[in-house]
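Below is the file coords.cif, which contains mmCIF, C-alpha atoms.
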data_query
loop_
_atom_site.group_PDB
_atom_site.id
_atom_site.type_symbol
_atom_site.label_atom_id
_atom_site.label_comp_id
_atom_site.auth_asym_id
_atom_site.auth_seq_id
_atom_site.Cartn_x
_atom_site.Cartn_y
_atom_site.Cartn_z
ATOM 1 C CA MET A 1 -52.083 -4.624 -21.103
ATOM 2 C CA ALA A 2 -50.910 -4.528 -17.479
ATOM 3 C CA ARG A 3 -52.477 -7.938 -16.827
ATOM 4 C CA SER A 4 -50.592 -9.517 -19.741
ATOM 5 C CA LEU A 5 -47.330 -7.932 -18.517
ATOM 6 C CA MET A 6 -47.891 -9.397 -15.051
ATOM 7 C CA ASP A 7 -48.505 -12.821 -16.582
ATOM 8 C CA GLU A 8 -45.318 -12.452 -18.634
ATOM 9 C CA GLY A 9 -43.400 -11.562 -15.491
ATOM 10 C CA ASP A 10 -44.793 -14.621 -13.674
ATOM 11 C CA ALA A 11 -43.762 -16.891 -16.536
ATOM 12 C CA LYS A 12 -40.222 -15.539 -16.643
ATOM 13 C CA LEU A 13 -39.918 -15.796 -12.877
ATOM 14 C CA ASP A 14 -40.905 -19.453 -13.029
ATOM 15 C CA VAL A 15 -37.818 -20.151 -15.178
ATOM 16 C CA ARG A 16 -35.665 -17.858 -12.959
ATOM 17 C CA ASP A 17 -35.261 -15.236 -15.650
ATOM 18 C CA PHE A 18 -35.056 -12.446 -13.089
ATOM 19 C CA SER A 19 -34.076 -9.728 -15.552
ATOM 20 C CA GLY A 20 -36.972 -10.544 -17.877
ATOM 21 C CA ALA A 21 -39.423 -10.815 -14.991
ATOM 22 C CA LEU A 22 -38.285 -7.450 -13.624
ATOM 23 C CA ARG A 23 -38.763 -5.738 -16.996
ATOM 24 C CA ALA A 24 -42.301 -7.074 -17.283
ATOM 25 C CA TYR A 25 -43.272 -6.231 -13.691
ATOM 26 C CA ARG A 26 -41.809 -2.712 -13.931
ATOM 27 C CA ALA A 27 -43.726 -2.074 -17.146
ATOM 28 C CA ALA A 28 -46.950 -3.220 -15.497
ATOM 29 C CA HIS A 29 -46.265 -1.104 -12.404
ATOM 30 C CA ALA A 30 -45.561 1.972 -14.533
ATOM 31 C CA ILE A 31 -49.086 1.602 -15.930
ATOM 32 C CA MET A 32 -51.019 0.640 -12.778
ATOM 33 C CA LYS A 33 -49.052 2.128 -9.846
ATOM 34 C CA VAL A 34 -50.864 -0.126 -7.383
ATOM 35 C CA PRO A 35 -49.525 -2.178 -4.434
ATOM 36 C CA THR A 36 -49.939 -5.526 -6.204
ATOM 37 C CA THR A 37 -47.726 -4.524 -9.143
ATOM 38 C CA GLY A 38 -45.197 -2.772 -6.931
ATOM 39 C CA ILE A 39 -44.688 -5.693 -4.551
ATOM 40 C CA GLU A 40 -43.670 -7.947 -7.455
ATOM 41 C CA VAL A 41 -41.031 -5.426 -8.523
ATOM 42 C CA ALA A 42 -39.712 -5.233 -4.939
ATOM 43 C CA ARG A 43 -39.584 -9.021 -4.597
ATOM 44 C CA VAL A 44 -37.580 -9.537 -7.772
ATOM 45 C CA GLU A 45 -35.179 -6.703 -6.985
ATOM 46 C CA ALA A 46 -34.476 -8.374 -3.617
ATOM 47 C CA MET A 47 -33.981 -11.757 -5.337
ATOM 48 C CA ARG A 48 -31.365 -10.155 -7.612
ATOM 49 C CA GLY A 49 -29.461 -8.794 -4.595
ATOM 50 C CA ARG A 50 -30.459 -5.189 -5.351
ATOM 51 C CA LEU A 51 -31.585 -4.532 -1.807
ATOM 52 C CA VAL A 52 -31.442 -0.740 -2.011
ATOM 53 C CA GLU A 53 -33.721 -0.657 -5.054
ATOM 54 C CA ALA A 54 -36.062 -3.241 -3.508
ATOM 55 C CA ARG A 55 -36.426 -1.155 -0.351
ATOM 56 C CA GLU A 56 -37.165 1.987 -2.378
ATOM 57 C CA VAL A 57 -40.024 0.236 -4.155
ATOM 58 C CA ALA A 58 -41.330 -1.251 -0.900
ATOM 59 C CA LEU A 59 -41.403 2.212 0.680
ATOM 60 C CA GLU A 60 -43.032 3.636 -2.437
ATOM 61 C CA ILE A 61 -45.875 1.137 -2.042
ATOM 62 C CA GLY A 62 -46.562 2.522 1.428
ATOM 63 C CA ARG A 63 -46.933 5.994 -0.102
ATOM 64 C CA ILE A 64 -49.549 4.961 -2.668
ATOM 65 C CA PRO A 65 -52.823 6.586 -1.546
ATOM 66 C CA PRO A 66 -55.566 4.122 -0.616
ATOM 67 C CA ARG A 67 -58.698 4.118 -2.741
ATOM 68 C CA PRO A 68 -61.531 6.398 -1.616
ATOM 69 C CA ASN A 69 -63.814 3.469 -0.861
ATOM 70 C CA GLY A 70 -61.049 1.367 0.716
ATOM 71 C CA ASP A 71 -58.474 -0.964 -0.791
ATOM 72 C CA PRO A 72 -59.404 -4.452 -1.908
ATOM 73 C CA LYS A 73 -57.920 -7.330 0.081
ATOM 74 C CA PRO A 74 -55.014 -8.011 -2.391
ATOM 75 C CA PHE A 75 -53.915 -4.372 -2.057
ATOM 76 C CA ILE A 76 -54.046 -4.541 1.748
ATOM 77 C CA GLU A 77 -51.995 -7.748 1.743
ATOM 78 C CA ALA A 78 -49.465 -6.236 -0.700
ATOM 79 C CA ARG A 79 -49.054 -3.162 1.518
ATOM 80 C CA GLU A 80 -48.412 -5.311 4.598
ATOM 81 C CA GLU A 81 -45.903 -7.461 2.734
ATOM 82 C CA ALA A 82 -44.134 -4.320 1.493
ATOM 83 C CA ARG A 83 -43.927 -2.977 5.055
ATOM 84 C CA LYS A 84 -42.348 -6.198 6.332
ATOM 85 C CA LEU A 85 -39.977 -6.355 3.353
ATOM 86 C CA ALA A 86 -38.783 -2.780 3.934
ATOM 87 C CA ALA A 87 -38.087 -3.534 7.618
ATOM 88 C CA ASP A 88 -36.140 -6.673 6.725
ATOM 89 C CA LEU A 89 -34.120 -4.836 4.075
ATOM 90 C CA ASP A 90 -33.248 -2.091 6.583
ATOM 91 C CA ARG A 91 -31.312 -4.723 8.526
ATOM 92 C CA ARG A 92 -29.714 -6.322 5.486
ATOM 93 C CA ILE A 93 -28.545 -3.321 3.475
ATOM 94 C CA PRO A 94 -24.795 -2.618 3.964
ATOM 95 C CA ILE A 95 -23.738 0.923 4.902
ATOM 96 C CA LEU A 96 -20.558 2.370 3.394
ATOM 97 C CA THR A 97 -18.832 5.492 4.729
ATOM 98 C CA ILE A 98 -16.006 7.044 2.689
ATOM 99 C CA VAL A 99 -13.255 9.070 4.368
ATOM 100 C CA VAL A 100 -10.794 10.969 2.153
ATOM 101 C CA ARG A 101 -7.507 12.190 3.652
ATOM 102 C CA GLY A 102 -4.849 14.449 2.203
ATOM 103 C CA VAL A 103 -7.246 16.868 0.493
ATOM 104 C CA PRO A 104 -5.456 20.224 -0.019
ATOM 105 C CA GLU A 105 -7.174 23.081 1.778
ATOM 106 C CA GLY A 106 -9.806 24.666 -0.438
ATOM 107 C CA ALA A 107 -9.394 22.087 -3.223
ATOM 108 C CA PRO A 108 -12.583 20.639 -4.768
ATOM 109 C CA LEU A 109 -13.079 16.989 -3.886
ATOM 110 C CA GLU A 110 -14.452 14.449 -6.355
ATOM 111 C CA VAL A 111 -15.648 11.050 -5.179
ATOM 112 C CA LYS A 112 -17.095 8.328 -7.379
ATOM 113 C CA LEU A 113 -18.868 5.188 -6.230
ATOM 114 C CA ASP A 114 -19.112 2.415 -8.811
ATOM 115 C CA GLY A 115 -18.359 4.944 -11.537
ATOM 116 C CA GLY A 116 -21.034 7.431 -10.533
ATOM 117 C CA LEU A 117 -19.957 10.861 -9.317
ATOM 118 C CA LEU A 118 -21.369 11.591 -5.860
ATOM 119 C CA PRO A 119 -22.631 15.099 -5.072
ATOM 120 C CA THR A 120 -20.008 16.952 -3.043
ATOM 121 C CA GLU A 121 -22.289 17.474 -0.057
ATOM 122 C CA GLU A 122 -23.200 13.763 -0.008
ATOM 123 C CA ALA A 123 -19.822 12.228 -0.842
ATOM 124 C CA LEU A 124 -18.607 11.645 2.722
ATOM 125 C CA LYS A 125 -21.938 10.701 4.287
ATOM 126 C CA PRO A 126 -22.914 7.058 4.988
ATOM 127 C CA HIS A 127 -24.261 5.392 1.830
ATOM 128 C CA PRO A 128 -26.682 2.439 1.721
ATOM 129 C CA VAL A 129 -25.275 0.072 -0.924
ATOM 130 C CA ASN A 130 -26.036 -3.381 -2.202
ATOM 131 C CA PRO A 131 -24.032 -6.408 -1.057
ATOM 132 C CA GLY A 132 -21.117 -7.303 -3.333
ATOM 133 C CA ARG A 133 -18.111 -5.596 -4.870
ATOM 134 C CA HIS A 134 -17.821 -1.805 -5.071
ATOM 135 C CA GLU A 135 -15.236 0.577 -6.477
ATOM 136 C CA ILE A 136 -14.389 3.862 -4.755
ATOM 137 C CA TRP A 137 -12.506 6.614 -6.607
ATOM 138 C CA ALA A 138 -11.342 9.950 -5.223
ATOM 139 C CA SER A 139 -9.331 12.930 -6.446
ATOM 140 C CA ALA A 140 -8.731 16.514 -5.311
ATOM 141 C CA GLY A 141 -6.598 19.514 -6.174
ATOM 142 C CA GLY A 142 -4.769 17.950 -9.098
ATOM 143 C CA LEU A 143 -3.462 15.058 -6.968
ATOM 144 C CA PRO A 144 -3.323 11.651 -8.674
ATOM 145 C CA PRO A 145 -6.666 9.876 -8.183
ATOM 146 C CA VAL A 146 -6.826 6.903 -5.861
ATOM 147 C CA SER A 147 -9.241 4.019 -6.254
ATOM 148 C CA LYS A 148 -10.143 1.089 -4.044
ATOM 149 C CA GLU A 149 -12.249 -2.028 -4.406
ATOM 150 C CA ILE A 150 -14.149 -3.551 -1.503
ATOM 151 C CA GLU A 151 -16.713 -6.304 -1.024
ATOM 152 C CA LEU A 152 -19.572 -5.939 1.432
ATOM 153 C CA GLN A 153 -21.806 -8.587 2.947
ATOM 154 C CA ASP A 154 -25.429 -8.335 4.068
ATOM 155 C CA GLY A 155 -25.794 -5.956 6.996
ATOM 156 C CA GLN A 156 -22.116 -4.930 7.010
ATOM 157 C CA ARG A 157 -21.118 -1.426 8.148
ATOM 158 C CA GLN A 158 -17.732 -0.355 6.830
ATOM 159 C CA THR A 159 -15.648 2.798 6.693
ATOM 160 C CA VAL A 160 -13.163 3.003 3.816
ATOM 161 C CA ILE A 161 -10.267 5.451 4.073
ATOM 162 C CA VAL A 162 -8.768 6.838 0.858
ATOM 163 C CA GLY A 163 -5.444 8.645 1.223
ATOM 164 C CA LEU A 164 -4.535 11.218 -1.413
ATOM 165 C CA GLY A 165 -0.954 12.374 -1.950
ATOM 166 C CA GLY A 166 0.459 9.645 0.267
ATOM 167 C CA ALA A 167 -1.789 10.476 3.225
ATOM 168 C CA SER A 168 -2.195 7.744 5.827
ATOM 169 C CA GLU A 169 -4.991 5.241 5.401
ATOM 170 C CA ASP A 170 -4.519 3.902 8.932
ATOM 171 C CA PRO A 171 -7.852 4.080 10.834
ATOM 172 C CA ASP A 172 -5.999 5.811 13.707
ATOM 173 C CA GLY A 173 -4.076 8.161 11.444
ATOM 174 C CA ASP A 174 -6.168 11.256 12.195
ATOM 175 C CA ARG A 175 -6.390 10.759 15.936
ATOM 176 C CA PRO A 176 -4.285 13.035 18.131
ATOM 177 C CA ALA A 177 -1.353 11.387 19.812
ATOM 178 C CA LYS A 178 -2.168 10.161 23.267
ATOM 179 C CA PRO A 179 -0.676 12.295 26.006
ATOM 180 C CA SER A 180 2.390 10.678 27.498
ATOM 181 C CA SER A 181 1.539 9.813 31.097
ATOM 182 C CA ARG A 182 -0.488 13.036 31.222
ATOM 183 C CA GLY A 183 2.693 15.074 30.609
ATOM 184 C CA VAL A 184 4.557 13.875 33.708
ATOM 185 C CA SER A 185 8.298 14.562 33.754
ATOM 186 C CA PRO A 186 10.630 11.631 34.577
ATOM 187 C CA LEU A 187 11.947 13.751 37.447
ATOM 188 C CA VAL A 188 8.660 13.148 39.253
ATOM 189 C CA TYR A 189 9.094 9.370 39.188
ATOM 190 C CA VAL A 190 12.792 9.416 40.039
ATOM 191 C CA GLY A 191 12.485 12.191 42.649
ATOM 192 C CA PHE A 192 9.560 10.821 44.586
ATOM 193 C CA GLY A 193 10.885 7.277 44.221
ATOM 194 C CA VAL A 194 14.242 8.196 45.718
ATOM 195 C CA GLY A 195 12.588 10.488 48.253
ATOM 196 C CA GLY A 196 10.299 7.776 49.529
ATOM 197 C CA ALA A 197 13.091 5.214 49.671
ATOM 198 C CA GLY A 198 15.370 7.689 51.463
ATOM 199 C CA LEU A 199 12.820 8.496 54.134
ATOM 200 C CA ILE A 200 12.092 4.824 54.709
ATOM 201 C CA ALA A 201 15.804 3.996 54.862
ATOM 202 C CA GLY A 202 16.381 6.880 57.279
ATOM 203 C CA ALA A 203 13.638 5.655 59.566
ATOM 204 C CA ILE A 204 14.907 2.065 59.554
ATOM 205 C CA THR A 205 18.557 2.949 60.162
ATOM 206 C CA GLY A 206 17.426 5.409 62.846
ATOM 207 C CA ILE A 207 15.596 2.604 64.639
ATOM 208 C CA PHE A 208 18.690 0.388 64.380
ATOM 209 C CA SER A 209 20.828 3.225 65.778
ATOM 210 C CA LEU A 210 18.505 3.710 68.758
ATOM 211 C CA THR A 211 18.519 -0.030 69.409
ATOM 212 C CA ARG A 212 22.320 -0.181 69.537
ATOM 213 C CA ALA A 213 22.392 2.978 71.667
ATOM 214 C CA SER A 214 20.055 1.345 74.165
ATOM 215 C CA GLU A 215 22.475 -1.566 74.387
ATOM 216 C CA VAL A 216 25.269 0.860 75.264
ATOM 217 C CA GLU A 217 23.045 2.539 77.890
ATOM 218 C CA ALA A 218 22.297 -0.819 79.464
ATOM 219 C CA LEU A 219 26.018 -1.638 79.749
ATOM 220 C CA CYS A 220 27.131 1.870 80.771
ATOM 221 C CA PRO A 221 24.294 3.830 82.398
ATOM 222 C CA GLY A 222 24.697 7.577 81.915
ATOM 223 C CA GLY A 223 27.777 6.934 79.804
ATOM 224 C CA VAL A 224 29.778 5.593 82.761
ATOM 225 C CA CYS A 225 31.061 2.040 82.489
ATOM 226 C CA PRO A 226 31.480 0.441 85.932
ATOM 227 C CA THR A 227 34.132 -2.064 84.766
ATOM 228 C CA ARG A 228 36.682 -2.415 82.030
ATOM 229 C CA SER A 229 34.911 -5.458 80.656
ATOM 230 C CA ARG A 230 31.668 -3.453 80.384
ATOM 231 C CA LEU A 231 33.574 -0.752 78.508
ATOM 232 C CA GLU A 232 34.909 -3.307 76.049
ATOM 233 C CA GLN A 233 31.427 -4.808 75.593
ATOM 234 C CA ALA A 234 29.940 -1.374 74.908
ATOM 235 C CA THR A 235 32.522 -0.342 72.314
ATOM 236 C CA GLN A 236 31.049 -2.312 69.385
ATOM 237 C CA PRO A 237 27.373 -1.300 69.813
ATOM 238 C CA LYS A 238 28.461 2.307 70.441
ATOM 239 C CA ASP A 239 30.392 2.423 67.147
ATOM 240 C CA ALA A 240 27.493 0.741 65.341
ATOM 241 C CA ALA A 241 25.025 3.240 66.829
ATOM 242 C CA LEU A 242 27.134 6.182 65.604
ATOM 243 C CA THR A 243 27.506 4.645 62.113
ATOM 244 C CA LEU A 244 23.773 3.939 61.862
ATOM 245 C CA ALA A 245 22.923 7.429 63.109
ATOM 246 C CA ASN A 246 25.129 8.932 60.370
ATOM 247 C CA ALA A 247 23.546 6.617 57.805
ATOM 248 C CA SER A 248 20.087 7.636 58.976
ATOM 249 C CA ASN A 249 20.945 11.314 58.621
ATOM 250 C CA ILE A 250 22.301 10.737 55.096
ATOM 251 C CA ALA A 251 19.219 8.712 54.092
ATOM 252 C CA PHE A 252 16.880 11.409 55.420
ATOM 253 C CA ALA A 253 18.864 14.061 53.524
ATOM 254 C CA ILE A 254 18.609 12.036 50.305
ATOM 255 C CA GLY A 255 14.905 11.518 50.929
ATOM 256 C CA VAL A 256 14.264 15.227 51.373
ATOM 257 C CA ALA A 257 16.325 16.014 48.266
ATOM 258 C CA GLY A 258 14.404 13.391 46.283
ATOM 259 C CA VAL A 259 11.064 14.853 47.287
ATOM 260 C CA GLY A 260 12.348 18.261 46.198
ATOM 261 C CA VAL A 261 13.326 16.854 42.807
ATOM 262 C CA GLY A 262 9.869 15.275 42.495
ATOM 263 C CA VAL A 263 8.130 18.573 43.270
ATOM 264 C CA ALA A 264 10.342 20.350 40.713
ATOM 265 C CA GLY A 265 9.398 17.668 38.194
ATOM 266 C CA LEU A 266 5.702 18.423 38.704
ATOM 267 C CA PHE A 267 6.285 22.048 37.703
ATOM 268 C CA LEU A 268 8.411 21.040 34.719
ATOM 269 C CA SER A 269 5.733 18.592 33.600
ATOM 270 C CA LYS A 270 3.410 21.468 32.753
ATOM 271 C CA ARG A 271 5.900 22.794 30.229
ATOM 272 C CA GLU A 272 7.583 19.658 28.980
ATOM 273 C CA PRO A 273 5.287 16.627 28.888
ATOM 274 C CA LYS A 274 7.297 13.469 28.449
ATOM 275 C CA GLN A 275 7.022 9.827 29.320
ATOM 276 C CA PRO A 276 9.436 8.589 31.938
ATOM 277 C CA SER A 277 12.444 7.038 30.317
ATOM 278 C CA SER A 278 12.327 3.285 30.598
ATOM 279 C CA GLY A 279 16.085 3.277 31.175
ATOM 280 C CA ALA A 280 16.151 5.819 34.025
ATOM 281 C CA SER A 281 16.087 4.449 37.571
ATOM 282 C CA MET A 282 17.470 5.219 41.000
ATOM 283 C CA HIS A 283 17.123 3.463 44.340
ATOM 284 C CA LEU A 284 18.696 3.281 47.747
ATOM 285 C CA THR A 285 20.567 0.346 49.226
ATOM 286 C CA PHE A 286 21.135 -0.023 52.926
ATOM 287 C CA GLY A 287 22.378 -2.587 55.422
ATOM 288 C CA PRO A 288 22.817 -2.822 59.178
ATOM 289 C CA SER A 289 25.439 -0.057 59.161
ATOM 290 C CA SER A 290 25.411 1.504 55.685
ATOM 291 C CA VAL A 291 23.237 3.323 53.123
ATOM 292 C CA GLY A 292 23.890 3.992 49.422
ATOM 293 C CA VAL A 293 22.336 5.217 46.170
ATOM 294 C CA VAL A 294 22.323 3.163 42.944
ATOM 295 C CA GLY A 295 21.084 4.671 39.670
ATOM 296 C CA SER A 296 21.098 4.123 35.907
ATOM 297 C CA PHE A 297 20.139 6.493 33.036
#

Taking this structure as input, can you express it in the form of structure tokens?
Amino acid sequence: MARSLMDEGDAKLDVRDFSGALRAYRAAHAIMKVPTTGIEVARVEAMRGRLVEAREVALEIGRIPPRPNGDPKPFIEAREEARKLAADLDRRIPILTIVVRGVPEGAPLEVKLDGGLLPTEEALKPHPVNPGRHEIWASAGGLPPVSKEIELQDGQRQTVIVGLGGASEDPDGDRPAKPSSRGVSPLVYVGFGVGGAGLIAGAITGIFSLTRASEVEALCPGGVCPTRSRLEQATQPKDAALTLANASNIAFAIGVAGVGVGVAGLFLSKREPKQPSSGASMHLTFGPSSVGVVGSF
């Protein structure tokens, strides 16, 4: 009986009647339960694109106990072919992971895959599926059910998100918002920016002031001008030195104040994390005899 079924399966396979060949081979395998009948079932299942079912049969062949006196050569060859087929199918079988969002707390979740209800404990685990089109259906807590259709290729790994009750189906929807510049207050940027600029400006204008003062000292040593012409020559650099000295003092004061604002911003950052406003800025302007602050908010 099993031999005639195997012959029938071979004949149907020759004319590419895969469904008929599978029926005949499965009937023969149900009778014999040997590697040579099982490998034909696995082959045809793989030809039909039913990779999951083909792999199950191939693995089943490996679990068939060998005969007490040793397997005949056809059985040994069928076992080896089944082992190779199972390894190849492991790489080809798509893996589908279902994620359901918007499930009310404590509500029972129902998930169907291709019309079949998945056990609750298995519903959200990765599922080996055959290549091709698949329908996913989900419902929970009286919310309107949501369904999706997808198509998977050989070896594809895909996560499908189903949002119930208007929940987001964006892949990043459940991720926590990224911290904004690690919670740094804009006062830190503005304060230390102004502080640094102020200290630099103070140093530069201070150097300019000392340079002009040295010119005055060269013309009038010890503050005493030997001639009227020397006095007139020293007037301009003396005035410039005083102006630059005042500017340097102001710049240093602004710099110190800016650093203070920056330090205060560090403390505020711990309580009020915000990104620095793109429109907030402040900087110093200075020239040979002046210093100023320009800002926008």

request  = For each of A:Lys112, A:Arg133, A:Arg101, A:Arg26, take the minimum atom-to-atom distance to Ile161 (chain A), counting only C-alpha atoms, then give the residue where this is smallest.
outcome  =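 Smallest separation from Ile161 (chain A) among the options: A:Arg101.
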
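The gap separating CA of Arg157 (chain A) from CA of Leu124 (chain A) is 14.4 Å, in Å to one decimal.
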
Tell me which residues come within 6 Å of (-24.5, -1.6, 6.3), as a short mmCIF file (atom, residue, chain, number, x, y, z; two decimals) with C-alpha atoms, in the coordinates of the input, counting all atoms listed in the file in the file's coordinates.
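Okay, point_5.cif is ready:
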data_model
loop_
_atom_site.label_atom_id
_atom_site.label_comp_id
_atom_site.auth_asym_id
_atom_site.auth_seq_id
_atom_site.Cartn_x
_atom_site.Cartn_y
_atom_site.Cartn_z
CA ILE A 93 -28.54 -3.32 3.48
CA PRO A 94 -24.80 -2.62 3.96
CA ILE A 95 -23.74 0.92 4.90
CA GLY A 155 -25.79 -5.96 7.00
CA GLN A 156 -22.12 -4.93 7.01
CA ARG A 157 -21.12 -1.43 8.15
#

Kindly resolve the PyMOL selection byres ((chain A and resi 58) around 7) on the present coordinates and return the residues as a PDB file with C-alpha atoms, keeping the file's coordinate frame.
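Result file follows (out31.pdb):
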ATOM      1  CA  ILE A  39     -44.688  -5.693  -4.551  1.00  0.00           C
ATOM      2  CA  ALA A  42     -39.712  -5.233  -4.939  1.00  0.00           C
ATOM      3  CA  ALA A  54     -36.062  -3.241  -3.508  1.00  0.00           C
ATOM      4  CA  ARG A  55     -36.426  -1.155  -0.351  1.00  0.00           C
ATOM      5  CA  GLU A  56     -37.165   1.987  -2.378  1.00  0.00           C
ATOM      6  CA  VAL A  57     -40.024   0.236  -4.155  1.00  0.00           C
ATOM      7  CA  LEU A  59     -41.403   2.212   0.680  1.00  0.00           C
ATOM      8  CA  GLU A  60     -43.032   3.636  -2.437  1.00  0.00           C
ATOM      9  CA  ILE A  61     -45.875   1.137  -2.042  1.00  0.00           C
ATOM     10  CA  GLY A  62     -46.562   2.522   1.428  1.00  0.00           C
ATOM     11  CA  ALA A  82     -44.134  -4.320   1.493  1.00  0.00           C
ATOM     12  CA  ARG A  83     -43.927  -2.977   5.055  1.00  0.00           C
ATOM     13  CA  LEU A  85     -39.977  -6.355   3.353  1.00  0.00           C
ATOM     14  CA  ALA A  86     -38.783  -2.780   3.934  1.00  0.00           C
TER      15      ALA A  86
END

request  = Would you write out, as an MDAnalysis selection string, every residue that the PyMOL selection byres ((chain A and resi 109) around 6) captures in this file?
outcome  = chainID A and resid 108 110 140

Separation of CA of Val256 (chain A) from CA of Pro186 (chain A) in Å = 17.6 Å

request  = Give the answer as one residue: which of A:Val34, A:Ala107, A:Val263, A:Ile150 has the shortest atom-to-atom distance to Pro74 (chain A), using all atoms listed in the file?
outcome  =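 Using all atoms listed in the file, the shortest distance to Pro74 (chain A) belongs to A:Val34.
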